[in-house]
Amino acid sequence: MLSLSLAPLVPVPILWALGGLTAVLAAVAVLARGPVALLRVLVLALVLLALANPSLVQEEREPVKDVVAVVVDRSGSQSLGDRPAMTDRVRAELQRRLGTLTEIEPRFVEVPETGGDEGTRLFTALSSALADVPPDRLAGVVMLTDGVVHDVPANLASASFKAPLHVLVTGRPDERDRQIRLIEAPRFGIVGRDQTIRAEVMERGGTGSAVVTVRRDGEEVTRQSVRTGQPFNLTLRVEHGGPNVVEIEAEALPGELTTANNRAVLPIEGIREKLRVLLVSGEPHAGERTWRNLLKSDANVDLVHFTILRPPEKQDGTPISELSLIAFPTRELFQQKIKDFDLIIFDRYANQSVLPSSYFDNIVRYVREGGALLIAAGPEFASAASLARTRLAAILPGEPNGRVIERPYKAALTNSGQRHPVTRDLPGSEASPPAWGDWLRLIGAEVRPGVTPIMAGAESQPLLALSREEKGRVALLLSDHAWLWARGYQEGGPHLDLLRRLGHWLMKEPALEEEALRASATGHGREVRVERQTMGDTADPVTVTAPSGKARTLTLNPDKPGLFTATFEADELGLHTLRAGPLVAFVSVGPANPRELVDVFSDTERLRGIAETSGGSVRRLAEASGGLAIPRLQIARSGRLSGSDWIGFRPSDSAVVRGVSVYPLGLGLAALAALAAAVLAMWLVEGRRGRV
């Protein structure tokens with residue numbers, strides 16, 4: 001490429017001033033001397049040209065390829081239906097066709113699923129990918145997407161590029177899907193009370209009605225048919241403290257895009273207004289205050305405590321009117337209001353005809369219907385007045401063998417106790433023998449078949465045994481010397497941890513279940529931690545089902561006795577279901593309702609405005625026949641940039657300068673001096689002619 005370049009020998013303002021002066025002098029000379037002065041004008045012009053120092057510049061230019069960016073959407077909604085296969089096929093064909101355009105450099109930008117809830121951000125990814133490309137080298141942009149994009153600029157002026165945008169939309173126009181939408185979802189509830197959930201089944205291409213299945217903690221509660229597009233109410237009872245996991249699932253439509261949004265999971269945290277505990281002490285003793293202080297220290301416990309100070313056999317003739325004692329309200333407590341209590345504790349209570357047999361029947365019924373009973377036994381448990389000789393025998397974990405062992409011993413965890421959440425990791429249990437004080441009394445007993453003690457005492461006799469009775473729970477503590485730990489005898493022991501955990505297990509605290517499956521997102525990206533609590537020596541693998549229905553098997557590793565753990569990276573956002581036998585757990589990775597699963601239908605209109613403003617186009621790839629209409633690619637230097645079966649790119653004719661050759665038209669100062677001499681000679685000649 002040849003061009004003229006000027007490199008003035010004097011500053012440009014002076015050159016312009018000389019030019020103006022020369023023009024004035026030339027005009028005056030022509031007016032005064034006539035045409036003969038034109039020679040003078042020519043010489044002055046040559047002087048100015050010499051001062052401008054002109055040169056011919058020849059550039060060696062190498063054309064560079066223009067860039068065409070192909071943005072490939074790999075977001076969550078692009079994984080639905082046949083969109084992944086469609087995307088892969090079109091991408092490969094675009095790569096092949098762009099390779100035939102020698103003037104084009106294709107740049108593919110893969111936009112993966114993000115870990116948050118930002119949605120599909122194609123324009124943000126495009127801006128980052130083109131940061132090193134000059135704007136004039138961008139010949140066009142192709143977006144291969146389902147059209148569900150969440151960062152569309154308001155107008156072309158605010159976009160990061162100035163080139164034609166062509167959008168190739170995956171998906172099909174006849175897509176159908178059904179999803180659950182929670183309208184009112186309580187996060188907390190009082191245990192034993194009903195909570196109302198308001199939801200709606202939304203669909204496109206459906207039947208107008210759907211069967212909804214409701215599960216609580218993995219167990220089916222109800223199944224009902226509802227009208228789609230109309231809100232409906234579900235009433236569920238909060239059964240226990242801690243998370244009550246409610247799962248609402250709508251039946252799938254044939255051929256729908258995804259079933260991941262057919263299910264909504266709502267954890268309702270069960271809260272107890274007050275834990276009502278009835279403590280009945282058979283007689284005053286040193287350990288009675290330990291139980292009372294423990295229960296009274298918990299602000300969430302409403303304690304009712306009675307001590308039997310005057311049993312029926314203690315009759316000394318003192319008139320009732322002169323006694324400050326109140327009568328034990330047996331009928332009110334054990335018949336009328338027994339279901340109001342969450343836990344009943346008999347502390348060294350002996351059967352002294354205070355409670356008739358029918359009341360013991362009420363206690364048995366109370367336990368089997370979901371109540372909790374704790375027996376803290378003393379010597380009376382081995383006597384003829386033992387509670388084991390009442391109707392309670394049917395639900396007690398063991399029965400006395402008549403022995404009362406009174407000598408120092410270390411309470412120790414059994415093999416089962418090392419695995420059980422009530423006793424595992426008790427402070428001091430890691431030492432051998434345990435690093436806590438002695439107890440001095442143990443009531444001998446034989447546990448029932450199927451009941452395994454979690455603590456043992458002297459002669460390896462059972463010390464603490466737990467059992468389940470239908471819906472309820474029973475604990476038997478075969479010593480009345482837990483108070484020695486509370487008093488600091490021989491540096492004491494973990495009485496608060498033991499007794500508090502024991503009470504919470506009886507009241508069905510989920511964290512203390514013997515068989516449990518738990519999962520939680522760790523907060524580090526998509527990492528999920530899985531815990532399996534079991535009383536067994538091994539734990540079966542856990543099946544993890546992703547929102548899309550894809551399943552994987554997870555092998556657990558031992559972490560502590562009775563506790564097996566594992567971690568995994570979730571491939572998808574949304575709700576994952578974990579199952580291990582009858583146990584089920586849920587964990588939500590990322591947002592509870594990802595934007596990618598809320599709007600799943602392919603869309604040709606969302607990008608149409610900005611695409612057509614840029615001179616590009618929007619077209620759906622899927623044909624009615626089931627094939628794909630992939631447009632031809634071509635260079636369009638003028639006119640339209642798209643047609644019915646083609647899309648075009650506008651080249652910039654950019655080039656890179658590889659070399660420059662400069663040819664001066666003058667010879668610098670020497671030429672200027674010669675020119676000046678010629679001017680002087682011409683002036684002298686003109687002067688002589690004027691005198692002749």
# chains A, B, ... in the order shown; residues from 1 in each chain; ligands from 1
>>> closest_atom_pairs(of="range 206-291 of chain A", to="range 378-388 of chain A", cutoff="12 Å", atoms="only C-alpha atoms", output="tab-separated table")
residue	atom	partner	partner_atom	distance
A:Ser281	CA	A:Gly378	CA	11.0
A:Gly282	CA	A:Glu380	CA	9.3
A:Glu283	CA	A:Glu380	CA	10.4
A:Pro284	CA	A:Gly378	CA	11.9
A:His285	CA	A:Gly378	CA	10.1
A:Ala286	CA	A:Gly378	CA	11.6
A:Gly287	CA	A:Gly378	CA	10.2
A:Glu288	CA	A:Gly378	CA	11.5
>>> write_last_selection(atoms="all heavy atoms", output="PDB file, in the first residue's frame")
ATOM      1  N   SER A 281     -40.550 -38.703  92.858  1.00  0.00           N
ATOM      2  CA  SER A 281     -39.517 -39.276  93.721  1.00  0.00           C
ATOM      3  C   SER A 281     -40.182 -40.106  94.803  1.00  0.00           C
ATOM      4  O   SER A 281     -41.088 -39.629  95.504  1.00  0.00           O
ATOM      5  CB  SER A 281     -38.672 -38.166  94.359  1.00  0.00           C
ATOM      6  OG  SER A 281     -38.027 -37.397  93.359  1.00  0.00           O
ATOM      7  N   GLY A 282     -39.700 -41.344  94.922  1.00  0.00           N
ATOM      8  CA  GLY A 282     -40.327 -42.235  95.898  1.00  0.00           C
ATOM      9  C   GLY A 282     -40.064 -41.833  97.327  1.00  0.00           C
ATOM     10  O   GLY A 282     -40.905 -41.986  98.198  1.00  0.00           O
ATOM     11  N   GLU A 283     -38.887 -41.298  97.598  1.00  0.00           N
ATOM     12  CA  GLU A 283     -38.553 -40.829  98.935  1.00  0.00           C
ATOM     13  C   GLU A 283     -37.387 -39.865  98.813  1.00  0.00           C
ATOM     14  O   GLU A 283     -36.636 -39.906  97.833  1.00  0.00           O
ATOM     15  CB  GLU A 283     -38.170 -41.992  99.838  1.00  0.00           C
ATOM     16  CG  GLU A 283     -36.938 -42.751  99.383  1.00  0.00           C
ATOM     17  CD  GLU A 283     -36.597 -43.911 100.295  1.00  0.00           C
ATOM     18  OE1 GLU A 283     -37.478 -44.723 100.592  1.00  0.00           O
ATOM     19  OE2 GLU A 283     -35.425 -43.984 100.694  1.00  0.00           O
ATOM     20  N   PRO A 284     -37.202 -38.972  99.786  1.00  0.00           N
ATOM     21  CA  PRO A 284     -36.070 -38.047  99.716  1.00  0.00           C
ATOM     22  C   PRO A 284     -34.746 -38.813  99.765  1.00  0.00           C
ATOM     23  O   PRO A 284     -34.592 -39.749 100.552  1.00  0.00           O
ATOM     24  CB  PRO A 284     -36.245 -37.164 100.953  1.00  0.00           C
ATOM     25  CG  PRO A 284     -37.687 -37.306 101.331  1.00  0.00           C
ATOM     26  CD  PRO A 284     -38.083 -38.694 100.946  1.00  0.00           C
ATOM     27  N   HIS A 285     -33.819 -38.414  98.877  1.00  0.00           N
ATOM     28  CA  HIS A 285     -32.480 -39.023  98.907  1.00  0.00           C
ATOM     29  C   HIS A 285     -31.499 -38.056  98.281  1.00  0.00           C
ATOM     30  O   HIS A 285     -31.885 -37.032  97.701  1.00  0.00           O
ATOM     31  CB  HIS A 285     -32.483 -40.375  98.177  1.00  0.00           C
ATOM     32  CG  HIS A 285     -32.697 -40.275  96.701  1.00  0.00           C
ATOM     33  ND1 HIS A 285     -31.680 -40.337  95.787  1.00  0.00           N
ATOM     34  CD2 HIS A 285     -33.832 -40.088  95.966  1.00  0.00           C
ATOM     35  CE1 HIS A 285     -32.171 -40.224  94.559  1.00  0.00           C
ATOM     36  NE2 HIS A 285     -33.473 -40.069  94.643  1.00  0.00           N
ATOM     37  N   ALA A 286     -30.217 -38.376  98.379  1.00  0.00           N
ATOM     38  CA  ALA A 286     -29.179 -37.433  97.954  1.00  0.00           C
ATOM     39  C   ALA A 286     -29.253 -37.114  96.466  1.00  0.00           C
ATOM     40  O   ALA A 286     -28.891 -36.016  96.046  1.00  0.00           O
ATOM     41  CB  ALA A 286     -27.796 -37.999  98.307  1.00  0.00           C
ATOM     42  N   GLY A 287     -29.711 -38.059  95.649  1.00  0.00           N
ATOM     43  CA  GLY A 287     -29.738 -37.832  94.210  1.00  0.00           C
ATOM     44  C   GLY A 287     -30.963 -37.106  93.714  1.00  0.00           C
ATOM     45  O   GLY A 287     -31.024 -36.716  92.537  1.00  0.00           O
ATOM     46  N   GLU A 288     -31.943 -36.905  94.575  1.00  0.00           N
ATOM     47  CA  GLU A 288     -33.183 -36.264  94.136  1.00  0.00           C
ATOM     48  C   GLU A 288     -32.935 -34.850  93.621  1.00  0.00           C
ATOM     49  O   GLU A 288     -33.479 -34.434  92.603  1.00  0.00           O
ATOM     50  CB  GLU A 288     -34.176 -36.231  95.302  1.00  0.00           C
ATOM     51  CG  GLU A 288     -35.508 -35.572  94.969  1.00  0.00           C
ATOM     52  CD  GLU A 288     -36.428 -35.523  96.187  1.00  0.00           C
ATOM     53  OE1 GLU A 288     -36.012 -35.972  97.272  1.00  0.00           O
ATOM     54  OE2 GLU A 288     -37.553 -35.023  96.033  1.00  0.00           O
TER      55      GLU A 288
END
>>> residues_around(residues="Pro421 in chain A", least_positions_apart="5", cutoff="8 Å", atoms="only C-alpha atoms", output="ChimeraX atom specification")
/A:511-514
>>> select_by_dssp(residues="range 121-214 of chain A", states="helix (DSSP H, G or I)", output="list in words")
Leu122, Phe123, Thr124, Ala125, Leu126, Ser127, Ser128, Ala129, Pro135, Asp136, Arg137, Leu156, Ala157 and Ser158 of chain A
>>> write_last_selection(atoms="N, CA, C and O atoms", output="compact mmCIF listing (two decimals), in the first residue's frame")
# COMPACT_ATOMS: atom_id res chain seq x y z
N LEU A 122 -24.87 -15.51 29.39
CA LEU A 122 -24.09 -15.66 28.17
C LEU A 122 -23.34 -14.39 27.79
O LEU A 122 -22.21 -14.45 27.31
N PHE A 123 -23.96 -13.23 27.97
CA PHE A 123 -23.32 -11.99 27.57
C PHE A 123 -22.13 -11.66 28.47
O PHE A 123 -21.14 -11.08 28.01
N THR A 124 -22.22 -12.01 29.74
CA THR A 124 -21.08 -11.81 30.64
C THR A 124 -19.90 -12.68 30.21
O THR A 124 -18.75 -12.22 30.16
N ALA A 125 -20.18 -13.94 29.87
CA ALA A 125 -19.12 -14.83 29.41
C ALA A 125 -18.53 -14.35 28.08
O ALA A 125 -17.32 -14.43 27.85
N LEU A 126 -19.38 -13.84 27.18
CA LEU A 126 -18.90 -13.34 25.89
C LEU A 126 -17.97 -12.15 26.08
O LEU A 126 -16.91 -12.06 25.44
N SER A 127 -18.33 -11.25 26.97
CA SER A 127 -17.49 -10.07 27.22
C SER A 127 -16.11 -10.48 27.73
O SER A 127 -15.09 -9.92 27.31
N SER A 128 -16.06 -11.46 28.61
CA SER A 128 -14.77 -11.91 29.14
C SER A 128 -13.94 -12.59 28.06
O SER A 128 -12.72 -12.41 27.99
N ALA A 129 -14.60 -13.37 27.21
CA ALA A 129 -13.87 -14.12 26.17
C ALA A 129 -13.31 -13.21 25.09
O ALA A 129 -12.31 -13.54 24.45
N PRO A 135 -12.55 -4.37 18.87
CA PRO A 135 -13.96 -4.37 18.46
C PRO A 135 -14.16 -4.47 16.95
O PRO A 135 -15.10 -5.11 16.48
N ASP A 136 -13.23 -3.85 16.16
CA ASP A 136 -13.44 -3.85 14.71
C ASP A 136 -13.11 -5.20 14.08
O ASP A 136 -13.38 -5.43 12.90
N ARG A 137 -12.48 -6.11 14.82
CA ARG A 137 -12.15 -7.43 14.28
C ARG A 137 -13.26 -8.45 14.52
O ARG A 137 -13.17 -9.58 14.06
N LEU A 156 -28.66 -2.49 22.40
CA LEU A 156 -27.38 -2.81 21.76
C LEU A 156 -26.28 -1.88 22.23
O LEU A 156 -25.11 -2.28 22.31
N ALA A 157 -26.61 -0.65 22.57
CA ALA A 157 -25.59 0.31 23.00
C ALA A 157 -24.91 -0.13 24.29
O ALA A 157 -23.74 0.16 24.52
N SER A 158 -25.63 -0.82 25.15
CA SER A 158 -25.05 -1.27 26.42
C SER A 158 -24.40 -2.64 26.32
O SER A 158 -23.89 -3.15 27.31
>>> closest_residue(among="A:Pro561, A:Pro153, A:Gly457, A:Pro547", to="Arg263 in chain A", atoms="only C-alpha atoms")
A:Pro547
>>> residues_around(residues="Leu502 in chain A", least_positions_apart="4", cutoff="7 Å", atoms="only C-alpha atoms", output="list of chain:residue names")
A:Val422, A:Leu498, A:Leu506
>>> residues_around(residues="Glu459 in chain A", least_positions_apart="5", cutoff="10 Å", atoms="only C-alpha atoms", output="list in words")
Ile405, Tyr409, Leu442 and Gly444 of chain A
>>> write_last_selection(atoms="N, CA, C and O atoms", output="JSON list (two decimals), in the first residue's frame")
[["chain", "number", "residue", "atom", "x", "y", "z"],
["A", 405, "ILE", "N", -25.51, -54.60, 94.45],
["A", 405, "ILE", "CA", -24.06, -54.61, 94.56],
["A", 405, "ILE", "C", -23.62, -53.25, 95.09],
["A", 405, "ILE", "O", -23.84, -52.23, 94.45],
["A", 409, "TYR", "N", -17.12, -48.84, 91.67],
["A", 409, "TYR", "CA", -16.87, -49.34, 90.32],
["A", 409, "TYR", "C", -16.89, -48.14, 89.36],
["A", 409, "TYR", "O", -17.43, -47.08, 89.66],
["A", 442, "LEU", "N", -25.07, -50.59, 92.55],
["A", 442, "LEU", "CA", -25.63, -51.07, 91.29],
["A", 442, "LEU", "C", -26.72, -52.08, 91.60],
["A", 442, "LEU", "O", -26.54, -52.97, 92.44],
["A", 444, "GLY", "N", -28.75, -55.17, 90.46],
["A", 444, "GLY", "CA", -28.64, -56.27, 89.50],
["A", 444, "GLY", "C", -29.93, -56.48, 88.74],
["A", 444, "GLY", "O", -31.03, -56.40, 89.30]]
>>> residues_around(residues="range 572-579 of chain A", least_positions_apart="3", cutoff="9 Å", atoms="only C-alpha atoms", output="PyMOL selection string")
chain A and resi 76+113-116+260-261+263-265+517-519+526+530+541-548+582-594+597
>>> residues_around(residues="Pro329 in chain A", least_positions_apart="4", cutoff="12 Å", atoms="only C-alpha atoms", output="list of chain:residue names")
A:Val280, A:Val304, A:His305, A:Phe306, A:Thr307, A:Ile308, A:Leu325, A:Leu333, A:Phe334, A:Gln335, A:Gln336, A:Lys337, A:Ile338, A:Val354, A:Leu355, A:Tyr359
>>> select_by_dssp(residues="range 122-363 of chain A", states="strand (DSSP E or B)", output="ChimeraX atom specification")
/A:138-145,165-169,177-184,188-190,194-204,209-216,219-227,232-237,242-250,263-271,275-281,301-307,343-347
>>> residues_around(residues="Arg650 in chain A", least_positions_apart="4", cutoff="6 Å", atoms="only C-alpha atoms", output="short mmCIF file (atom, residue, chain, number, x, y, z; two decimals) with all heavy atoms, in the first residue's frame")
data_model
loop_
_atom_site.label_atom_id
_atom_site.label_comp_id
_atom_site.auth_asym_id
_atom_site.auth_seq_id
_atom_site.Cartn_x
_atom_site.Cartn_y
_atom_site.Cartn_z
N ALA A 139 -16.46 -10.06 13.63
CA ALA A 139 -17.33 -10.11 12.46
C ALA A 139 -18.74 -10.56 12.81
O ALA A 139 -19.68 -10.31 12.04
CB ALA A 139 -16.74 -11.05 11.41
N ALA A 636 -20.81 -11.50 4.29
CA ALA A 636 -21.67 -10.50 3.64
C ALA A 636 -21.03 -9.13 3.83
O ALA A 636 -21.06 -8.58 4.93
CB ALA A 636 -23.07 -10.54 4.24
N ARG A 637 -20.44 -8.57 2.73
CA ARG A 637 -19.75 -7.29 2.85
C ARG A 637 -20.72 -6.11 2.82
O ARG A 637 -20.37 -5.01 3.22
CB ARG A 637 -18.72 -7.16 1.73
CG ARG A 637 -17.64 -8.24 1.82
CD ARG A 637 -16.52 -8.02 0.82
NE ARG A 637 -15.52 -9.07 0.96
CZ ARG A 637 -14.52 -9.04 1.83
NH1 ARG A 637 -14.40 -8.00 2.64
NH2 ARG A 637 -13.65 -10.04 1.89
#
